[in-house]
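Peer 1: Quick one: the structure is below, questions incoming.
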Amino acid sequence: VDTSDTTFMFMCTALVQFMTPGLAFFYGGLVRSTNILTIMLQNFASMGFVFVLWWAVLFSLCFGTSLGGIIGNPATYLFFRDVPLYDKISGATLDIPGVLYAGYQGMFAVITPALMTGAFADRVRLLPYVVFVTLWMLLVYAPVCHWVWGGGWMQAWGVWDFAGGIVVHITSGFSALASLFVIGPRKVPSDAPEALSQPHNVPFVALGTAMLWF
């Protein structure tokens, strides 16, 4: 294990994690004041239950032994079993501990569904959101992540994904768009005050933007 690589990746993991609260502030400032609690809770909840899923089975589905280039074997690293604590993980190019590699990738898994919350803001309660994200992580994120980063068919074709453009942004962007066709637009009465359709806290938006760019 290389000390410099390990230190650098610890910093990168912390910075990626820092983006999720930044996203909560960014979206929280854009919505109505009556919905800021829901939108921020959805983002912070993602940091909790998505990483539990990541620890339980998602890491295996994404980076486990490939099953036909489609999905990883869920038994490979089930509950982080056989994830090395001091040695690098099988197939990794950097000389960093396997558990750090898993944690770093887990931060991207956390923020990806949180990116979608801005699309259906004001229209989804917490429990349906948790159910939706759980299914989405298993059926959408895990296969695409394995295809591109985990040794799947796209990686075999030589596809490069810089900064998560495919795994993070394309999956969350198109899924957010698809969710709008199901949920529909926000219902704001025609005689409602204009403030109901305006961002309620611009400083929160600026703070979130700074945290995302940090």
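Following the order of the structure tokens, chains are lettered A, B, ..., residues in each are numbered from 1, and ligands are numbered from 1.
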As a PyMOL selection string, please: every residue in segment 38-203 of chain A that DSSP puts in helix (DSSP H, G or I).

Peer 2: chain A and resi 38-63+78-80+98-118+126-148+153-156+162-183+194-197+202-203

Peer 1: May I have the residues within 9 Å of Leu126 of chain A as a PyMOL selection string, using only C-alpha atoms and disregarding those fewer than 6 positions away in the same chain?

Peer 2: chain A and resi 38-39+41-42+45

Peer 1: Next, write the just-selected residues to a file, as a tab-separated table (two decimals), in the first residue's frame, keeping C-alpha atoms as the atom set.

Peer 2:
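Dumped everything to out.tsv:
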```
chain	number	residue	atom	x	y	z
A	38	THR	CA	-38.20	17.19	2.82
A	39	ILE	CA	-35.59	17.94	0.15
A	41	LEU	CA	-33.90	15.02	4.46
A	42	GLN	CA	-33.96	13.11	1.18
A	45	ALA	CA	-31.04	10.08	4.13
```

Peer 1: Chain A: which residues are strand (DSSP E) by DSSP, as an MDAnalysis selection string?

Peer 2: chainID A and resid 66:67 71:72

Peer 1: How would the residues just picked look written out with C-alpha atoms as a short mmCIF file (atom, residue, chain, number, x, y, z; two decimals), in the first residue's frame?

Peer 2:
```cif
data_model
loop_
_atom_site.label_atom_id
_atom_site.label_comp_id
_atom_site.auth_asym_id
_atom_site.auth_seq_id
_atom_site.Cartn_x
_atom_site.Cartn_y
_atom_site.Cartn_z
CA SER A 66 -18.38 -10.38 -13.38
CA LEU A 67 -21.31 -12.54 -14.40
CA ILE A 71 -23.56 -7.63 -13.18
CA GLY A 72 -21.16 -8.52 -10.40
#
```

Peer 1: Using only C-alpha atoms, what table do you get, as JSON lines, when you list each residue of segment 6-122 of chain A with an atom no more than 7 Å from segment 170-175 of chain A, its nearest pair of atoms, and their distance in Å rounded to one decimal, rows by chain then rising number?

Peer 2:
```
{"residue": "A:Thr112", "atom": "CA", "partner": "A:Ser172", "partner_atom": "CA", "distance": 6.1}
{"residue": "A:Pro113", "atom": "CA", "partner": "A:Ser172", "partner_atom": "CA", "distance": 6.3}
{"residue": "A:Leu115", "atom": "CA", "partner": "A:Ser172", "partner_atom": "CA", "distance": 6.4}
{"residue": "A:Met116", "atom": "CA", "partner": "A:Ser172", "partner_atom": "CA", "distance": 5.8}
```

Peer 1: Let's have the selection written as a CSV table (one decimal), in the first residue's frame, with C-alpha atoms.

Peer 2:
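Contents of result35.csv, as written:
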```csv
chain,number,residue,atom,x,y,z
A,112,THR,CA,-26.1,9.7,-7.6
A,113,PRO,CA,-29.7,9.2,-6.4
A,115,LEU,CA,-29.0,14.3,-7.8
A,116,MET,CA,-32.4,13.2,-8.9
```

Peer 1: Pick out the closest residue to Phe26 of chain A from this set: A:Trp213, A:Phe8, A:Phe204, A:Trp136. Count only C-alpha atoms.

Peer 2: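 Checking each candidate against Phe26 of chain A, we get A:Phe204 as the closest.
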
Peer 1: Report, in Å to a single decimal, how far apart atom CA of Gly184 of chain A and atom CA of Val205 of chain A are.

Peer 2: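 Here the two named atoms are 24.4 Å from each other.
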
Peer 1: Can you tell me which residues surround Gly118 of chain A at a distance of at most 10 Å, considering only C-alpha atoms, apart from same-chain residues fewer than 6 positions away, and format the answer as a list in words?

Peer 2: Leu23, Ala24, Phe26, Tyr27, Gly28, Leu30, Val31, Ile39, Asn43 and Ala176 of chain A
